[in-house]
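A.B. asks: Attaching a single structure in structure tokens format; questions to follow.
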Amino acid sequence: MTNATAILCADTHIRADVPKARTDDFHGSMWNKLGEILQLAHENGDCPILVAGDLGEKAEWPDWLEARFISERMKYPDVEIIVVPGQHDLPQHNIELLDRSALGVLDSAGMIDVLTDEWSSFDRGEIQVCIQPFPYGQEMVNWPIENKPDNVFNIAMTHQLIIEGNIADWKGQTASHALSLLKKFPEYDLILSGDNHKPFVVEHEGRLLVNPGSMMRSTADQISHRPRVYLWWAETNECSIHYLPIKRGVLSREHLEQAENKTARMEAFVRSVKNREELKLSFEKNMEDHLVDNPAPEPVERKIWVSME
């Protein structure tokens, strides 16, 4: 098979801390996955990697995290990484503050190419791929192009919550349906989306919407998640899954169970307080009753009453 035109991914969430749910060497796993994605691009003729937002978990990275990312990235210097900012990439979720973020630093250093409001393109042989970026907070708009040559392919890269199924499953969150977007924006051969950590692909009339999902499993409810990227071939507008390596048994619910037990204890305490007949509304009366049951030396009592005046 010919080399892929691009590698599609999103929500890599490079981070300095370790999620509470992880019990393994989380950072080792994170760098291994990033390295595999870079190697996959290299094996496909140094094709570009397209990241649909949330390259990082936070807008600002510690120096050591930026240094390690640069070190991993420079193992494959001919691979271009094209990123559309997600909310986690932006200070205060504000695109105007991009230059204060790790994303802005990496862009200025030439480690990645950040797209915000102007379209960009790359060539793969005789094929030209044009990208229209829609960072977090920017709604997708039509991109009318007349008489588009057969060797030109249009991509919309967006970071917004797009779902495949029922909106009711998303607990009132604002989301767009994948199929509706494909129908609304027929000028895009491919819509690459991020933000939804659940992967899926939707096809309509030969056009694709690809939501790669998160690179890492960071929460206990992702126990069944299979991290992946997609190889995309522009000529046929087809993609295939490349699963990233995972280890079983590295996610724990212990922190959730501890939180649930704490909540249960708190709720039980509240119920017991509500049911206590001797509970008084007056704090002073409660103190008086307490001192009757638990006498204190006279100097101590005086200080108590003085402090309550």
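The chains in the structure tokens are called A, B, ... from first to last as shown; in each chain the residues are counted from 1, and the ligands are counted from 1 in the order shown.
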If you run DSSP on this backbone, which residues of region 87-224 of chain A come out as strand (DSSP E or B), and could you give them as a PyMOL selection string?
C.D. replies: chain A and resi 113-114+120-124+127-134+152-159+162-163+176-177+190-194+200-204+207-211
A.B. asks: Restrict the calculation to only C-alpha atoms, then for each residue of region 134-232 of chain A with any atom at most 10 Å from an atom of region 32-44 of chain A give the closest atom pair and their distance in Å to one decimal, rows by chain and rising residue number, as JSON lines.
C.D. replies:
{"residue": "A:Met215", "atom": "CA", "partner": "A:Lys33", "partner_atom": "CA", "distance": 7.5}
{"residue": "A:Met216", "atom": "CA", "partner": "A:Lys33", "partner_atom": "CA", "distance": 8.3}
{"residue": "A:Pro227", "atom": "CA", "partner": "A:Lys33", "partner_atom": "CA", "distance": 9.1}
{"residue": "A:Arg228", "atom": "CA", "partner": "A:Ile37", "partner_atom": "CA", "distance": 9.3}
{"residue": "A:Val229", "atom": "CA", "partner": "A:Ile37", "partner_atom": "CA", "distance": 7.6}
{"residue": "A:Tyr230", "atom": "CA", "partner": "A:Ile37", "partner_atom": "CA", "distance": 9.9}
{"residue": "A:Leu231", "atom": "CA", "partner": "A:Ala41", "partner_atom": "CA", "distance": 8.8}
A.B. asks: Using only C-alpha atoms, which residue out of A:Gln92, A:Ser218, A:Asn196, A:Gln128 lies closest to Arg15 (chain A)?
C.D. replies: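 Nearest to Arg15 (chain A): A:Ser218.
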